[in-house]
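Remarks on the structure that follows.
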Amino acid sequence: MKQPIIRDYRFHKETGRASAIRIQNVSKHFGSTAALLNVNLEIRPGEIFFLLGPSGCGKTTLLRTLAGLVFPDQGEIFFDDKIVTRLPAYLRKIGMVFQNYALWPHLSVRKNISFGLEELGIPRIHREERVDEMLRIMSLEDLGKRNISELSGGQQQRVALARALAVAPPCLLLDEPLSNLDAQLRVKMRSELRSICQQQKITAIHVTHDQKEALSAADRMAIMANGAVCQIGTPKEIYHRPINSFVAGFIGEANLISGKVRECSQNKISVETELGLLNAETPPSQFFVNELCTLCIRPETLRIWIQKATNGANLLDNNDNLFSGQIEAGVFLGENIEYRVRTKIGYLKVLDWAAADILRPGPVFLTVAPRDIIILKT
């Protein structure tokens, strides 16, 4: 990939660096509906930070609060050390990509992308150079002279991205910026967007429903529900150490199993379930004997063994947990095969990455290593 031209178009010319953002005890109500409840976040300079959660969780309201399009009922918002809570949007020195694009319909693609650069007084030769770069990055080279009305939804979305990135703002707010792109272009733009933000030291806050997008592109992320932040961490931390059942089920696939703690030691915790006694590695949180808990087992950590070809007892030699089930159906998904396996507690989902052929319905053993069982507070 050709490296972007690095030229200081940014609003913060006196500092030439990304913004640190701090959200402190922010709440917002619309009538009797609580959109945000005592939200606290610290986003580091140059960090690519994602907000995830189901529809109505408050992530877009939080983004609009950062943009100055919505003012909170209480709490403070800081850009670096400056309080911007009541500062109008046009004075916050940010870039934003809206879900509905907010493009100028009477201007061409080039004029839309160039708009912010003209407002900043960038010389024409540099404006044209920057617009050409943005058109190339967004795969819009042949569309520069077209009117916005002549573009598809995905093309309009890329123009909105190009316009926001062209001025290299210290902070970039993105509301579902890749949602209308096809799968291949979405992967390409995800990589390009991350590269530009890193090279030009832009702090990016990104709202999305796409878990793969967040897991692959985020430095850190916050999971939201009912207006509150449930967990903050790196993609790896949240995927492998979710704080509760909601986070476990929202990020990635999860088989959730209820149980009761039977034994705790320094290296192992044993949980009684309807599938039998399952052993896991001791989690960071402290558990007590007889405490109710929930086990999270990711589908890709389960292994399938055909009962007729395997002695179940022999599978226990490596200390894996074992229980029986019945394959009901298998679906080929390209990179893996997804199985629906009926067990004593209902259906479990299993992802098999290695199989060449889909297994026929029939009795099987399932095994899972203790290190792959996540124990959650109920």
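In the structure tokens, chains take letters A, B, ... by order of appearance, with residues numbered from 1 within each chain and ligands from 1 in the order shown.
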Inset, instruction - DSSP on the backbone, then: every residue of range 34-80 of chain A marked alpha helix (DSSP H), written as a ChimeraX atom specification. - result: /A:59-67
Legend entry - Residues near Arg186 in chain A, cut-off 12 Å, only C-alpha atoms, skip fewer than 2 positions along chain, as a list in words: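 Contacts, in chain order: Met138, Ser139, Gly154, Gln155, Gln157, Arg158, Glu176, Pro177, Leu178, Ser179, Asn180, Leu181, Asp182, Ala183, Gln184, Lys188, Met189, Arg190, Ser191, Glu192, Leu193, Asp210, Lys212, Glu213 and Ala217 of chain A.
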With N, CA and C atoms kept, could you save the residues just selected as a PDB file, in the first residue's frame?
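Output file out_28.pdb follows:
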```
ATOM      1  N   MET A 138      -9.750   5.758  -0.747  1.00  0.00           N
ATOM      2  CA  MET A 138     -11.143   5.311  -0.674  1.00  0.00           C
ATOM      3  C   MET A 138     -11.627   4.635  -1.953  1.00  0.00           C
ATOM      4  N   SER A 139     -10.705   4.391  -2.910  1.00  0.00           N
ATOM      5  CA  SER A 139     -11.061   3.755  -4.186  1.00  0.00           C
ATOM      6  C   SER A 139     -12.155   4.530  -4.917  1.00  0.00           C
ATOM      7  N   GLY A 154     -22.804   3.041  -0.513  1.00  0.00           N
ATOM      8  CA  GLY A 154     -21.446   2.711  -0.096  1.00  0.00           C
ATOM      9  C   GLY A 154     -20.438   3.745  -0.553  1.00  0.00           C
ATOM     10  N   GLN A 155     -20.620   4.270  -1.777  1.00  0.00           N
ATOM     11  CA  GLN A 155     -19.718   5.303  -2.289  1.00  0.00           C
ATOM     12  C   GLN A 155     -19.866   6.600  -1.505  1.00  0.00           C
ATOM     13  N   GLN A 157     -20.722   6.814   1.567  1.00  0.00           N
ATOM     14  CA  GLN A 157     -20.109   6.577   2.868  1.00  0.00           C
ATOM     15  C   GLN A 157     -18.599   6.800   2.803  1.00  0.00           C
ATOM     16  N   ARG A 158     -17.987   6.379   1.703  1.00  0.00           N
ATOM     17  CA  ARG A 158     -16.537   6.572   1.547  1.00  0.00           C
ATOM     18  C   ARG A 158     -16.189   8.050   1.356  1.00  0.00           C
ATOM     19  N   GLU A 176     -20.814   4.099  12.850  1.00  0.00           N
ATOM     20  CA  GLU A 176     -21.047   3.021  11.883  1.00  0.00           C
ATOM     21  C   GLU A 176     -20.499   3.394  10.492  1.00  0.00           C
ATOM     22  N   PRO A 177     -19.218   3.763  10.380  1.00  0.00           N
ATOM     23  CA  PRO A 177     -18.718   4.306   9.115  1.00  0.00           C
ATOM     24  C   PRO A 177     -18.598   3.304   7.980  1.00  0.00           C
ATOM     25  N   LEU A 178     -18.590   1.997   8.278  1.00  0.00           N
ATOM     26  CA  LEU A 178     -18.374   1.002   7.223  1.00  0.00           C
ATOM     27  C   LEU A 178     -19.599   0.129   6.985  1.00  0.00           C
ATOM     28  N   SER A 179     -20.725   0.494   7.564  1.00  0.00           N
ATOM     29  CA  SER A 179     -21.884  -0.400   7.570  1.00  0.00           C
ATOM     30  C   SER A 179     -22.470  -0.668   6.185  1.00  0.00           C
ATOM     31  N   ASN A 180     -22.337   0.279   5.243  1.00  0.00           N
ATOM     32  CA  ASN A 180     -22.947   0.104   3.919  1.00  0.00           C
ATOM     33  C   ASN A 180     -21.988  -0.423   2.862  1.00  0.00           C
ATOM     34  N   LEU A 181     -20.797  -0.821   3.284  1.00  0.00           N
ATOM     35  CA  LEU A 181     -19.818  -1.326   2.326  1.00  0.00           C
ATOM     36  C   LEU A 181     -19.937  -2.842   2.184  1.00  0.00           C
ATOM     37  N   ASP A 182     -19.579  -3.357   1.000  1.00  0.00           N
ATOM     38  CA  ASP A 182     -19.582  -4.810   0.837  1.00  0.00           C
ATOM     39  C   ASP A 182     -18.436  -5.411   1.650  1.00  0.00           C
ATOM     40  N   ALA A 183     -18.474  -6.730   1.830  1.00  0.00           N
ATOM     41  CA  ALA A 183     -17.573  -7.397   2.771  1.00  0.00           C
ATOM     42  C   ALA A 183     -16.105  -7.156   2.455  1.00  0.00           C
ATOM     43  N   GLN A 184     -15.707  -7.300   1.187  1.00  0.00           N
ATOM     44  CA  GLN A 184     -14.296  -7.140   0.831  1.00  0.00           C
ATOM     45  C   GLN A 184     -13.819  -5.708   1.028  1.00  0.00           C
ATOM     46  N   LYS A 188     -10.914  -3.973   3.623  1.00  0.00           N
ATOM     47  CA  LYS A 188      -9.869  -3.080   3.111  1.00  0.00           C
ATOM     48  C   LYS A 188      -9.919  -1.728   3.819  1.00  0.00           C
ATOM     49  N   MET A 189     -11.126  -1.146   3.929  1.00  0.00           N
ATOM     50  CA  MET A 189     -11.262   0.175   4.533  1.00  0.00           C
ATOM     51  C   MET A 189     -10.956   0.140   6.029  1.00  0.00           C
ATOM     52  N   ARG A 190     -11.259  -0.963   6.670  1.00  0.00           N
ATOM     53  CA  ARG A 190     -10.941  -1.116   8.094  1.00  0.00           C
ATOM     54  C   ARG A 190      -9.437  -0.977   8.308  1.00  0.00           C
ATOM     55  N   SER A 191      -8.674  -1.630   7.454  1.00  0.00           N
ATOM     56  CA  SER A 191      -7.217  -1.572   7.555  1.00  0.00           C
ATOM     57  C   SER A 191      -6.692  -0.183   7.205  1.00  0.00           C
ATOM     58  N   GLU A 192      -7.238   0.424   6.134  1.00  0.00           N
ATOM     59  CA  GLU A 192      -6.803   1.752   5.711  1.00  0.00           C
ATOM     60  C   GLU A 192      -7.099   2.791   6.800  1.00  0.00           C
ATOM     61  N   LEU A 193      -8.287   2.706   7.377  1.00  0.00           N
ATOM     62  CA  LEU A 193      -8.702   3.666   8.397  1.00  0.00           C
ATOM     63  C   LEU A 193      -7.792   3.601   9.616  1.00  0.00           C
ATOM     64  N   ASP A 210     -20.494  -4.245  14.422  1.00  0.00           N
ATOM     65  CA  ASP A 210     -19.700  -5.318  13.829  1.00  0.00           C
ATOM     66  C   ASP A 210     -18.610  -5.767  14.795  1.00  0.00           C
ATOM     67  N   LYS A 212     -16.477  -8.302  14.560  1.00  0.00           N
ATOM     68  CA  LYS A 212     -15.202  -8.593  13.895  1.00  0.00           C
ATOM     69  C   LYS A 212     -14.428  -7.312  13.626  1.00  0.00           C
ATOM     70  N   GLU A 213     -15.138  -6.278  13.222  1.00  0.00           N
ATOM     71  CA  GLU A 213     -14.505  -4.989  12.977  1.00  0.00           C
ATOM     72  C   GLU A 213     -13.843  -4.472  14.246  1.00  0.00           C
ATOM     73  N   ALA A 217      -9.740  -4.177  14.817  1.00  0.00           N
ATOM     74  CA  ALA A 217      -9.230  -2.820  14.599  1.00  0.00           C
ATOM     75  C   ALA A 217      -9.031  -2.004  15.873  1.00  0.00           C
TER      76      ALA A 217
END
```
Could you list, as a CSV table (one decimal) with N, CA, C and O atoms, in the first residue's frame, every residue within 6 Å of range 69-79 of chain A, counting only C-alpha atoms and ignoring same-chain residues fewer than 6 positions away?
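Result written to result_27.csv:
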```
chain,number,residue,atom,x,y,z
A,20,ALA,N,-6.3,13.6,24.1
A,20,ALA,CA,-6.8,12.7,25.1
A,20,ALA,C,-8.2,13.1,25.5
A,20,ALA,O,-8.5,14.3,25.5
A,21,ILE,N,-9.1,12.1,25.7
A,21,ILE,CA,-10.5,12.4,26.0
A,21,ILE,C,-10.8,11.8,27.3
A,21,ILE,O,-10.5,10.6,27.6
A,22,ARG,N,-11.5,12.5,28.2
A,22,ARG,CA,-11.9,12.0,29.5
A,22,ARG,C,-13.4,12.3,29.7
A,22,ARG,O,-13.8,13.5,29.5
A,23,ILE,N,-14.2,11.3,29.9
A,23,ILE,CA,-15.6,11.4,30.2
A,23,ILE,C,-15.9,11.1,31.7
A,23,ILE,O,-15.5,10.0,32.1
A,24,GLN,N,-16.4,12.1,32.4
A,24,GLN,CA,-16.5,11.9,33.8
A,24,GLN,C,-17.9,12.1,34.3
A,24,GLN,O,-18.6,13.1,34.2
A,25,ASN,N,-18.5,11.0,34.8
A,25,ASN,CA,-19.8,10.9,35.4
A,25,ASN,C,-20.9,11.5,34.5
A,25,ASN,O,-21.8,12.3,35.0
A,26,VAL,N,-20.9,11.2,33.3
A,26,VAL,CA,-21.8,11.8,32.3
A,26,VAL,C,-23.2,11.0,32.3
A,26,VAL,O,-23.2,9.8,32.1
A,27,SER,N,-24.3,11.7,32.4
A,27,SER,CA,-25.6,11.1,32.3
A,27,SER,C,-26.4,12.0,31.4
A,27,SER,O,-26.2,13.2,31.3
A,28,LYS,N,-27.4,11.3,30.7
A,28,LYS,CA,-28.3,12.1,29.8
A,28,LYS,C,-29.6,11.3,29.7
A,28,LYS,O,-29.7,10.1,29.6
A,85,THR,N,-17.6,20.5,27.9
A,85,THR,CA,-19.0,19.9,28.1
A,85,THR,C,-20.0,20.8,27.4
A,85,THR,O,-21.0,20.2,26.8
```
Legend entry - Contacts of Met134 in chain A within 12 Å, only C-alpha atoms, excl. fewer than 4 positions in-chain, as a ChimeraX atom specification: /A:2-5,109-110,112-114,127-130,138-141,143-144,158-168,189,192-193,196
Got time to write the residues from that selection, N, CA and C atoms, as a CSV table (one decimal), in the first residue's frame?
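File result-v8.csv, as written:
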```csv
chain,number,residue,atom,x,y,z
A,2,LYS,N,0.6,2.2,-0.9
A,2,LYS,CA,1.3,3.4,-0.9
A,2,LYS,C,1.0,4.2,0.4
A,3,GLN,N,2.1,4.8,1.0
A,3,GLN,CA,2.0,5.5,2.2
A,3,GLN,C,1.3,6.8,2.0
A,4,PRO,N,0.3,7.2,2.9
A,4,PRO,CA,-0.3,8.5,2.8
A,4,PRO,C,0.7,9.6,2.9
A,5,ILE,N,0.4,10.8,2.2
A,5,ILE,CA,1.2,12.0,2.4
A,5,ILE,C,1.0,12.5,3.8
A,109,VAL,N,-18.0,15.3,-5.6
A,109,VAL,CA,-17.2,14.5,-4.7
A,109,VAL,C,-16.0,15.2,-4.2
A,110,ARG,N,-15.2,15.7,-5.2
A,110,ARG,CA,-14.0,16.5,-4.9
A,110,ARG,C,-14.3,17.7,-4.0
A,112,ASN,N,-16.8,18.1,-1.9
A,112,ASN,CA,-17.2,17.6,-0.6
A,112,ASN,C,-15.9,17.3,0.2
A,113,ILE,N,-15.0,16.6,-0.4
A,113,ILE,CA,-13.8,16.2,0.4
A,113,ILE,C,-12.9,17.4,0.7
A,114,SER,N,-12.9,18.4,-0.2
A,114,SER,CA,-12.1,19.6,-0.1
A,114,SER,C,-12.7,20.6,0.9
A,127,ARG,N,-4.4,21.4,-1.2
A,127,ARG,CA,-5.8,20.8,-1.2
A,127,ARG,C,-6.0,19.8,-2.2
A,128,GLU,N,-5.6,20.1,-3.5
A,128,GLU,CA,-5.7,19.1,-4.6
A,128,GLU,C,-4.9,17.9,-4.3
A,129,GLU,N,-3.7,18.0,-3.8
A,129,GLU,CA,-2.9,16.9,-3.5
A,129,GLU,C,-3.5,16.0,-2.4
A,130,ARG,N,-4.1,16.6,-1.4
A,130,ARG,CA,-4.7,15.8,-0.3
A,130,ARG,C,-6.0,15.2,-0.8
A,138,MET,N,-9.7,5.8,-0.7
A,138,MET,CA,-11.1,5.3,-0.7
A,138,MET,C,-11.6,4.6,-2.0
A,139,SER,N,-10.7,4.4,-2.9
A,139,SER,CA,-11.1,3.8,-4.2
A,139,SER,C,-12.2,4.5,-4.9
A,140,LEU,N,-12.0,5.9,-5.0
A,140,LEU,CA,-13.0,6.7,-5.6
A,140,LEU,C,-12.3,7.6,-6.7
A,141,GLU,N,-11.2,7.1,-7.2
A,141,GLU,CA,-10.4,7.9,-8.2
A,141,GLU,C,-11.2,8.4,-9.4
A,143,LEU,N,-14.4,8.9,-9.6
A,143,LEU,CA,-15.7,9.5,-9.2
A,143,LEU,C,-15.6,11.0,-8.7
A,144,GLY,N,-14.4,11.5,-8.8
A,144,GLY,CA,-14.2,12.9,-8.2
A,144,GLY,C,-15.1,14.0,-8.7
A,158,ARG,N,-18.0,6.4,1.7
A,158,ARG,CA,-16.5,6.6,1.5
A,158,ARG,C,-16.2,8.0,1.4
A,159,VAL,N,-17.1,8.8,0.7
A,159,VAL,CA,-16.8,10.2,0.6
A,159,VAL,C,-16.9,10.9,1.9
A,160,ALA,N,-17.9,10.5,2.8
A,160,ALA,CA,-18.0,11.1,4.1
A,160,ALA,C,-16.7,10.8,4.9
A,161,LEU,N,-16.2,9.5,4.8
A,161,LEU,CA,-14.9,9.2,5.5
A,161,LEU,C,-13.8,10.0,5.0
A,162,ALA,N,-13.7,10.2,3.7
A,162,ALA,CA,-12.6,11.0,3.1
A,162,ALA,C,-12.6,12.4,3.5
A,163,ARG,N,-13.8,13.0,3.6
A,163,ARG,CA,-14.0,14.4,4.0
A,163,ARG,C,-13.5,14.6,5.5
A,164,ALA,N,-13.9,13.6,6.3
A,164,ALA,CA,-13.5,13.7,7.7
A,164,ALA,C,-12.0,13.6,7.9
A,165,LEU,N,-11.4,12.6,7.2
A,165,LEU,CA,-10.0,12.3,7.3
A,165,LEU,C,-9.1,13.4,6.6
A,166,ALA,N,-9.6,14.1,5.7
A,166,ALA,CA,-8.8,15.0,4.9
A,166,ALA,C,-8.1,16.0,5.7
A,167,VAL,N,-8.8,16.5,6.7
A,167,VAL,CA,-8.2,17.6,7.6
A,167,VAL,C,-7.4,17.1,8.7
A,168,ALA,N,-7.2,15.7,8.8
A,168,ALA,CA,-6.4,15.1,9.9
A,168,ALA,C,-6.7,15.7,11.3
A,189,MET,N,-11.1,-1.1,3.9
A,189,MET,CA,-11.3,0.2,4.5
A,189,MET,C,-11.0,0.1,6.0
A,192,GLU,N,-7.2,0.4,6.1
A,192,GLU,CA,-6.8,1.8,5.7
A,192,GLU,C,-7.1,2.8,6.8
A,193,LEU,N,-8.3,2.7,7.4
A,193,LEU,CA,-8.7,3.7,8.4
A,193,LEU,C,-7.8,3.6,9.6
A,196,ILE,N,-4.3,5.1,8.7
A,196,ILE,CA,-4.3,6.6,8.6
A,196,ILE,C,-4.3,7.2,10.0
```
Per-residue nearest contacts of range 240-262 of chain A to range 336-353 of chain A (12 Å; only C-alpha atoms) as JSON lines:
```
{"residue": "A:Gly252", "atom": "CA", "partner": "A:Lys349", "partner_atom": "CA", "distance": 12.0}
{"residue": "A:Glu253", "atom": "CA", "partner": "A:Lys349", "partner_atom": "CA", "distance": 8.3}
{"residue": "A:Ala254", "atom": "CA", "partner": "A:Lys349", "partner_atom": "CA", "distance": 8.0}
{"residue": "A:Asn255", "atom": "CA", "partner": "A:Leu348", "partner_atom": "CA", "distance": 6.1}
{"residue": "A:Leu256", "atom": "CA", "partner": "A:Leu348", "partner_atom": "CA", "distance": 8.8}
{"residue": "A:Ile257", "atom": "CA", "partner": "A:Ile345", "partner_atom": "CA", "distance": 7.9}
{"residue": "A:Ser258", "atom": "CA", "partner": "A:Ile345", "partner_atom": "CA", "distance": 9.3}
{"residue": "A:Gly259", "atom": "CA", "partner": "A:Ile345", "partner_atom": "CA", "distance": 11.2}
```
Go ahead and save the residues from that selection, with N, CA and C atoms, as a PDB file, in the first residue's frame.
```
ATOM      1  N   GLY A 252     -18.573 -12.187  20.392  1.00  0.00           N
ATOM      2  CA  GLY A 252     -18.339 -13.556  19.963  1.00  0.00           C
ATOM      3  C   GLY A 252     -19.496 -14.469  20.343  1.00  0.00           C
ATOM      4  N   GLU A 253     -19.356 -15.732  19.980  1.00  0.00           N
ATOM      5  CA  GLU A 253     -20.351 -16.749  20.331  1.00  0.00           C
ATOM      6  C   GLU A 253     -20.013 -17.325  21.700  1.00  0.00           C
ATOM      7  N   ALA A 254     -21.038 -17.710  22.446  1.00  0.00           N
ATOM      8  CA  ALA A 254     -20.798 -18.239  23.787  1.00  0.00           C
ATOM      9  C   ALA A 254     -21.840 -19.286  24.140  1.00  0.00           C
ATOM     10  N   ASN A 255     -21.383 -20.428  24.656  1.00  0.00           N
ATOM     11  CA  ASN A 255     -22.268 -21.403  25.292  1.00  0.00           C
ATOM     12  C   ASN A 255     -22.229 -21.114  26.789  1.00  0.00           C
ATOM     13  N   LEU A 256     -23.380 -20.762  27.363  1.00  0.00           N
ATOM     14  CA  LEU A 256     -23.453 -20.389  28.776  1.00  0.00           C
ATOM     15  C   LEU A 256     -24.116 -21.514  29.565  1.00  0.00           C
ATOM     16  N   ILE A 257     -23.449 -21.950  30.639  1.00  0.00           N
ATOM     17  CA  ILE A 257     -23.898 -23.104  31.428  1.00  0.00           C
ATOM     18  C   ILE A 257     -23.945 -22.706  32.901  1.00  0.00           C
ATOM     19  N   SER A 258     -25.094 -22.921  33.534  1.00  0.00           N
ATOM     20  CA  SER A 258     -25.237 -22.602  34.959  1.00  0.00           C
ATOM     21  C   SER A 258     -24.591 -23.688  35.812  1.00  0.00           C
ATOM     22  N   GLY A 259     -24.048 -23.297  36.957  1.00  0.00           N
ATOM     23  CA  GLY A 259     -23.412 -24.269  37.840  1.00  0.00           C
ATOM     24  C   GLY A 259     -23.244 -23.755  39.257  1.00  0.00           C
TER      25      GLY A 259
END
```
Legend entry - Residues within 10 Å of Arg360 in chain A, only C-alpha atoms, excluding chain neighbours under 2 positions, as a PyMOL selection string: chain A and resi 306+327-330+357-358+362-363
